[in-house]
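Engineer: One structure follows; several queries about it will come next.
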Amino acid sequence: MPESLATYEVLNQSPPYADIDLFTSDVPLADAVAANGAGTEVLALSAFGRHWGTAEMLELGRVANENPPKLRAFDAKGYRRDMVEFHPAYHRFMSESVSAGLHAMTWTPEGTRAAAPAEVARAARYYIVAQVENGHMCPVTMTRACVGALAAEPALLQRLMPKIVAREYDPSFRRWEDKRGITLGMGMTEKQGGTDVRANTTRAVPAGDGYLITGHKWFMSAPMCDAFLVLAQAPGGLSCFLMPRFRPDGTVNAVHFQRLKDKLGNRSNASSEVEFVEAFAWRIGEEGRGVRTIIEMVQFTRLDCAIASAGLMRMALAQALHHTRHRTVFQKHLADQPMMRSVIADMALEMEGVVALVMRLARAFDRAGADPAEAAFARLMTPAVKYYVCKTAPAFIYEAMECLGGNGYVEDGMLARLYREAPVNAIWEGSGNVMCLDVLRAATRDADASRAVLAQLEKQAADLPGVSEAVRVIGEHVSSAGAEASARVLVEKLALLAATAALQTSGARAAEPFARCRLANVRGATYGARELDVDSVSLLIDRALPAD
Ligand SMILES: Cc1cc2nc3c(=O)[nH]c(=O)nc-3n(C[C@H](O)[C@H](O)[C@H](O)COP(=O)(O)OP(=O)(O)OC[C@H]3O[C@@H](n4cnc5c(N)ncnc54)[C@H](O)[C@@H]3O)c2cc1C
C-alpha cells in the first residue's frame with residue numbers, strides 16, 4: 001500500500017456484488033419464467049445466470065464500455081475502409097450471446113417461429129445479459145428481429161437463415177456468403193425524421209437483380225453488421241431493402257460511415273451516421289410497403305427494449321439491496337432502517353410488476369402464431385409495455401443509485417453506467433409518445449380484439465384493488481375525443497393493469513400490494529412514498545435478493 005494511504009483501513013464498504021447466480025437469486029424472475037411456461041428451463045437458466053454473474057463477466061462489462069469503438073473511415077494512404085473497430089471485450093460479449101443463441105433461438109432454421117417456450121426462455125436470458133452489458137445487445141436484438149421482416153422474401157430468407165441461426169460469432173469483414181455466422185442491423189432514421197420515416201429522402205433505383213440506393217441514415221447502429229434493413233423511396237413509394245456490406249460480385253458496397261455518435265450511454269456499441277452512394281440492395285417485400293414490412297421487425301425489438309430495461313432495473317435494485325445490507329449508518333444496517341426498507345420494498349414491488357409484465361409479453365410472442373387472443377395481446381401490449389418499462393427505468397435506477405450514496409454516482413461502480421444506459425431503450429424503436437399512439441391505433445383499429453384483451457385482464461385481476469376503476473378509465477380514454485392528448489394516462493393504466501393481472505395469474509403474493517399501491521392509490525412522486533404494510537415490505541425484500 002502506498003505510504004500516504006497506510007493509515008487507512010477500509011471499513012464499512014459493501015463487498016463486491018459478483019459471483020452471483022443471476023437467475024436463482026431473483027425469485028420474481030424464476031416465478032415469472034415458471035408462470036409463463038418455461039419452468040423446464042430452470043437448470044439451464046441457473047447455469048446461465050451463474051456464468052453471467054461471475055466477477056469476470058461483470059468486469060468485462062466495465063471494460064467494454066470504457067473502451068468505445070473507433071471509426072476507421074480511411075486507411076493510411078487515404079483509401080476508404082469504412083470499418084469500425086471494437087474492443088475485444090465487446091467481441092467477447094457478442095461471442096457469448098451468439099453462442100447462447102440470443103440472436104436467433106426463437107427461429108427454426110427455416111425461419112419459422114421456434115416452439116414455445118422459446119420466447120420466454122430467451123427473454124429470461126436476455127434479461128440476465130442486460131444486467132451485465134447492454135451495448136452489444138443492439139446487434140443481437142436486430143439480428144433476431146430482422147427475420148420477421150425478411151419473411152417477406154422467402155427465397156432470400158432461405159439463403160440467409162443458416163448463417164443467422166449459426167451459433168458462431170464471426171466478426172471478420174467478408175462477404176456474408178463466406179462467413180460462418182452473420183449479424184444484421186437496420187437503418188430507418190434520417191436527419192429530417194426518425195418517427196416520420198415516410199419523409200425519408202434516400203432513393204432506390206432498380207438495377208439488375210436489386211436496387212442502387214443513394215442517400216443517408218442519421219442513425220445506423222452496430223455498423224459492422226453484415227447487412228442492414230434499410231428504408232428508401234423506390235419508384236413505387238417507400239420500400240424496405242436488405243443492403244449487404246459486400247455486393248454480390250464480392251466488392252465492398254458503398255456504405256460510407258461519416259461519424260460515430262458520441263452517446264450518453266450505450267458506449268460499447270457504435271451508432272453511425274452513414275451515406276450510401278449507389279449502394280446495392282435487395283428489395284424486401286413489395287415497393288411502397290416498406291413500413292408494413294419493417295414493422296414486422298420492430299415488434300420484436302420493442303419487446304427486447306422492454307426486457308433489457310427490466311434487466312437494467314434488476315441489476316440496479318440488486319446492487320442497492322446488496323449495498324444497504326452491508327453498509328451501516330448509526331450502528332444499524334441501512335437495509336434495516338425503516339425508511340430505507342420502504343424505499344427498497346417499493347422498488348422491489350415495481351420490479352415484481354415489471355418482470356411479470358415482460359415475461360407475460362414474451363409468452364404472448366410464444367403463442368401468437370397459434371392463438372388469436374395471444375396475438376391480440378402482443379399487438380396491444382407490446383407498445384404499452386415498451387412505453388411503461390423503458391420510460392420508468394431511468395427514475396428507478398436513479399433511486400437505486402442514491403441507495404449507494406456517493407459510491408452510486410462514481411464511475412468505479414456500476415450504477416452510473418446503468419443510469420446512462422437506461423434512456424436509450426425509451427428513445428429508439430419508437431419513442432414514448434409514438435408508443436402511446438401505437439396503443440391507440442391498436443385499440444381503435446382492432447377494437448374488438450383489444451376489448452377482449454382488456455376483458456381478459458379484468459377477469460384475471462378481478463377483486464384486486466383499483467382494477468375495475470382502471471378498466472373504466474382505459475375504456476373512457478380510448479373512446480374520448482381527446483384520446484391522443486391523454487394517451488399517456490391510458491397507456492400507463494393499461495400497463496399497470498396488465499402487470500397486476502400477470503402477477504395475479506402467476507400466484508405471486510405481490511399482486512395485492514401492487515394493485516393497491518399502483519392501481520388503487522395515487523402514486524407518490526418517488527419510491528417509498530406510499531403505504532406498504534410491514535409484512536409486504538419483508539416479503540418483497542426477501543424475494544428480491546436472498547440475504548448472504
Ligand atoms: C443510440 C441510438 C441508436 C440508434 N440506432 C438506430 C438505428 O440503428 N437505426 C435507426 O433507424 N435508428 C436508430 N436510432 C434512431 C431512433 O430510432 C430515433 O431517434 C427515434 O426513432 C426518434 O426519431 P427522431 O430522433 O427523428 O425524433 P422525432 O421523430 O423528431 O421525435 C421527437 C419526439 O417527438 C415525439 N413524437 C413524434 N411524433 C409525435 C406525435 N405525433 N405526437 C406526439 N409526440 C410525437 C417522439 O416520441 C419523440 O419523443 C438510434 C437512436 C439512438 C439514440
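Letters A, B, ... mark the chains of the C-alpha cells in the order given; residue numbers begin at 1 per chain; ligand numbers begin at 1, in order shown.
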Show me which residues sit within 7 Å of ligand 1 when counting only C-alpha atoms and all ligand atoms, and put them as a tab-separated table (two decimals) with C-alpha atoms, in the first residue's frame.
Structural biologist:
chain	number	residue	atom	x	y	z
A	185	GLY	CA	-28.73	-4.21	-38.49
A	186	MET	CA	-31.25	-1.60	-39.52
A	187	GLY	CA	-31.29	1.95	-40.89
A	188	MET	CA	-34.56	3.89	-40.94
A	189	THR	CA	-33.83	7.21	-39.23
A	190	GLU	CA	-32.76	10.16	-41.38
A	191	LYS	CA	-31.83	13.70	-40.36
A	192	GLN	CA	-35.26	15.08	-41.13
A	193	GLY	CA	-37.20	12.32	-39.42
A	194	GLY	CA	-36.99	9.15	-37.37
A	195	THR	CA	-40.60	8.77	-36.33
A	196	ASP	CA	-41.89	10.03	-39.65
A	219	PHE	CA	-28.51	6.78	-37.02
A	220	MET	CA	-27.38	3.31	-38.04
A	221	SER	CA	-26.15	1.30	-35.09
A	222	ALA	CA	-23.86	-1.71	-34.98
A	263	LYS	CA	-23.54	8.99	-26.91
A	266	ASN	CA	-24.59	2.59	-24.82
A	271	SER	CA	-24.02	4.13	-33.78
A	424	VAL	CA	-31.94	4.81	-24.92
A	427	ILE	CA	-35.96	6.59	-27.43
A	428	TRP	CA	-35.11	4.05	-30.12
A	429	GLU	CA	-37.51	1.66	-31.78
A	430	GLY	CA	-40.28	4.22	-31.36
A	431	SER	CA	-40.07	6.88	-28.65
A	432	GLY	CA	-42.55	7.20	-25.77
A	433	ASN	CA	-45.31	9.23	-27.40
A	434	VAL	CA	-45.07	7.12	-30.52
Engineer: Would you give me, as a Markdown table, each residue of segment 119-217 of chain A having an atom within 12 Å of an atom of segment 316-329 of chain A, along with its shortest atom pair and that distance in Å to one decimal, using only C-alpha atoms and sorting by chain and residue number?
Structural biologist:
| residue | atom | partner | partner_atom | distance |
| --- | --- | --- | --- | --- |
| A:Ala130 | CA | A:Ala316 | CA | 11.2 |
| A:Gln131 | CA | A:Ala316 | CA | 8.3 |
| A:Val132 | CA | A:Ala316 | CA | 10.8 |
Engineer: Using DSSP on the backbone coordinates, identify the residues of segment 322-520 of chain A assigned to helix (DSSP H, G or I); present them as a ChimeraX atom specification.
Structural biologist: /A:322-326,334-336,338-367,372-403,406-409,415-421,423-427,432-445,447-461,467-479,487-505,511-520
Engineer: Which residues are close to His136 of chain A, i.e. within 12 Å by only C-alpha atoms, leaving aside same-chain residues fewer than 5 positions away? Reply as an MDAnalysis selection string.
Structural biologist: chainID A and resid 60:61 64:65 68:69 86:98 102:103 126 129:130 141:143 183 221:225 266:271 308 421
Engineer: What does the structure give for the distance between atom CA of Val298 of chain A and atom CA of Gly148 of chain A, in Å to one decimal?
Structural biologist: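 Interatomic distance here is 8.6 Å.
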Engineer: Which residue out of A:Leu312, A:Val385, A:Met339, A:Ala73 has the minimum interatomic distance to Ile397 of chain A when only C-alpha atoms are used?
Structural biologist: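 For Ile397 of chain A, the nearest of the given residues is A:Leu312.
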Engineer: Which is closer to Met315 of chain A than all the others in A:Ser480, A:Glu9, A:Glu469, A:Phe396, using only C-alpha atoms?
Structural biologist: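 Using only C-alpha atoms, Met315 of chain A sits closest to A:Phe396.
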Engineer: Looking at only C-alpha atoms, which of A:Tyr387, A:Tyr419, A:Phe377, A:Tyr8 is the one that sits closest to Ala442 of chain A?
Structural biologist: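 Nearest candidate to Ala442 of chain A out of A:Tyr387, A:Tyr419, A:Phe377, A:Tyr8: A:Phe377.
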Engineer: Leaving out Leu457 of chain A and any residue of its chain fewer than 3 positions from it, which residues lie within 8 Å of it when counting only C-alpha atoms, given as a ChimeraX atom specification?
Structural biologist: /A:453-454,460-461,497-498,501
Engineer: Using only C-alpha atoms, which residues sit within 8 Å of Gly237 of chain A once same-chain residues fewer than 6 positions away are excluded, as a list in words?
Structural biologist: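 Contacts, with the query itself left out: Glu287, Gly288 and Arg289 of chain A.
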Engineer: Could those residues be written to a file, using all heavy atoms, as a compact mmCIF listing (two decimals), in the first residue's frame?
Structural biologist:
# COMPACT_ATOMS: atom_id res chain seq x y z
N GLU A 287 -42.73 -2.95 -53.38
CA GLU A 287 -42.48 -1.49 -53.39
C GLU A 287 -43.68 -0.78 -52.78
O GLU A 287 -44.82 -1.16 -53.01
CB GLU A 287 -42.28 -0.99 -54.83
CG GLU A 287 -40.86 -1.15 -55.32
CD GLU A 287 -40.61 -0.38 -56.61
OE1 GLU A 287 -41.42 0.51 -56.97
OE2 GLU A 287 -39.60 -0.67 -57.27
N GLY A 288 -43.40 0.24 -52.01
CA GLY A 288 -44.47 1.04 -51.42
C GLY A 288 -44.95 0.49 -50.09
O GLY A 288 -45.74 1.15 -49.40
N ARG A 289 -44.47 -0.70 -49.70
CA ARG A 289 -44.94 -1.30 -48.44
C ARG A 289 -43.80 -1.41 -47.42
O ARG A 289 -43.77 -2.31 -46.57
CB ARG A 289 -45.57 -2.66 -48.70
CG ARG A 289 -46.87 -2.54 -49.51
CD ARG A 289 -47.43 -3.90 -49.85
NE ARG A 289 -47.93 -4.62 -48.69
CZ ARG A 289 -49.14 -4.45 -48.16
NH1 ARG A 289 -49.97 -3.57 -48.68
NH2 ARG A 289 -49.52 -5.16 -47.12
Engineer: Which is closest to Met313 of chain A among A:Pro465, A:Pro15, A:Pro394, A:Pro372, if we use only C-alpha atoms?
Structural biologist: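 Ranked by minimum distance to Met313 of chain A, first place goes to A:Pro394.
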Engineer: Among the residues of segment 270-501 of chain A, find those DSSP assigns to strand (DSSP E or B) from the backbone and print them as a PDB file with C-alpha atoms, in the first residue's frame.
Structural biologist:
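Result file is selection-v7.pdb:
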ATOM      1  CA  SER A 271     -24.016   4.129 -33.782  1.00  0.00           C
ATOM      2  CA  SER A 272     -23.005   5.605 -37.116  1.00  0.00           C
ATOM      3  CA  GLU A 273     -24.021   8.380 -39.454  1.00  0.00           C
ATOM      4  CA  VAL A 274     -23.785   6.864 -42.900  1.00  0.00           C
ATOM      5  CA  GLU A 275     -24.089   7.729 -46.577  1.00  0.00           C
ATOM      6  CA  PHE A 276     -24.964   5.355 -49.379  1.00  0.00           C
ATOM      7  CA  VAL A 277     -23.601   6.079 -52.858  1.00  0.00           C
ATOM      8  CA  GLU A 278     -25.433   3.773 -55.236  1.00  0.00           C
ATOM      9  CA  ALA A 279     -25.131   1.024 -52.661  1.00  0.00           C
ATOM     10  CA  PHE A 280     -26.507  -2.315 -53.806  1.00  0.00           C
ATOM     11  CA  ALA A 281     -29.547  -3.780 -52.000  1.00  0.00           C
ATOM     12  CA  TRP A 282     -32.244  -6.398 -52.459  1.00  0.00           C
ATOM     13  CA  ARG A 283     -35.862  -5.315 -52.107  1.00  0.00           C
ATOM     14  CA  ILE A 284     -37.753  -6.902 -49.197  1.00  0.00           C
ATOM     15  CA  THR A 328     -24.118   0.534   8.477  1.00  0.00           C
ATOM     16  CA  VAL A 329     -25.192   4.052   9.386  1.00  0.00           C
ATOM     17  CA  LYS A 332     -27.548  -0.136  12.031  1.00  0.00           C
ATOM     18  CA  HIS A 333     -27.505  -1.663   8.572  1.00  0.00           C
TER      19      HIS A 333
END
Engineer: Any idea what's packed within 8 Å of Lys493 of chain A, counting only C-alpha atoms, ignoring anything in its chain fewer than 6 positions away? Could you give it as a PDB file with N, CA, C and O atoms, in the first residue's frame?
Structural biologist:
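Written out: result-v6.pdb:
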ATOM      1  N   ALA A 470     -59.576   1.073 -13.065  1.00  0.00           N
ATOM      2  CA  ALA A 470     -58.584   1.181 -14.153  1.00  0.00           C
ATOM      3  C   ALA A 470     -59.227   0.810 -15.480  1.00  0.00           C
ATOM      4  O   ALA A 470     -59.014   1.492 -16.498  1.00  0.00           O
ATOM      5  N   VAL A 473     -61.331   3.706 -16.650  1.00  0.00           N
ATOM      6  CA  VAL A 473     -60.522   4.832 -17.147  1.00  0.00           C
ATOM      7  C   VAL A 473     -59.985   4.515 -18.548  1.00  0.00           C
ATOM      8  O   VAL A 473     -60.038   5.354 -19.456  1.00  0.00           O
ATOM      9  N   ILE A 474     -59.498   3.312 -18.730  1.00  0.00           N
ATOM     10  CA  ILE A 474     -58.933   2.931 -20.034  1.00  0.00           C
ATOM     11  C   ILE A 474     -60.025   3.020 -21.106  1.00  0.00           C
ATOM     12  O   ILE A 474     -59.822   3.629 -22.163  1.00  0.00           O
ATOM     13  N   LEU A 519     -52.451   0.760  -8.658  1.00  0.00           N
ATOM     14  CA  LEU A 519     -53.723   0.992  -9.364  1.00  0.00           C
ATOM     15  C   LEU A 519     -54.715   1.775  -8.525  1.00  0.00           C
ATOM     16  O   LEU A 519     -55.345   2.715  -8.998  1.00  0.00           O
TER      17      LEU A 519
END
Engineer: Can you pull out the residues contacting Arg144 of chain A? Cut-off 12 Å, using only C-alpha atoms, and skip same-chain residues under 2 positions away; I want them as number ranges by chain.
Structural biologist: A: 97-98, 101-108, 111-114, 119, 122, 137-142, 146-150, 161, 163-166, 182-186, 296-301, 303-304
Engineer: Could you please determine the separation between atom CA of Met414 of chain A and atom CA of Ile541 of chain A in Å, to one decimal place?
Structural biologist: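 Between atom CA of Met414 of chain A and atom CA of Ile541 of chain A the gap works out to 21.0 Å.
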Engineer: Separation of atom CA of Ala462 of chain A and atom CA of Ala384 of chain A, in Å?
Structural biologist: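 Separation of atom CA of Ala462 of chain A and atom CA of Ala384 of chain A: 20.6 Å.
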Engineer: For Ala416 of chain A, which residue out of A:Ala544, A:Ala6, A:Ala481, A:Leu264 is the nearest one, using only C-alpha atoms?
Structural biologist: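 Of the candidates, the smallest distance to Ala416 of chain A is held by A:Leu264.
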Engineer: Would you please work out which residue, of A:Gly265, A:Pro117, A:Gly215, A:Pro28, is nearest to Glu66 of chain A when using only C-alpha atoms?
Structural biologist: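 Closest residue, counting only C-alpha atoms: A:Gly265.
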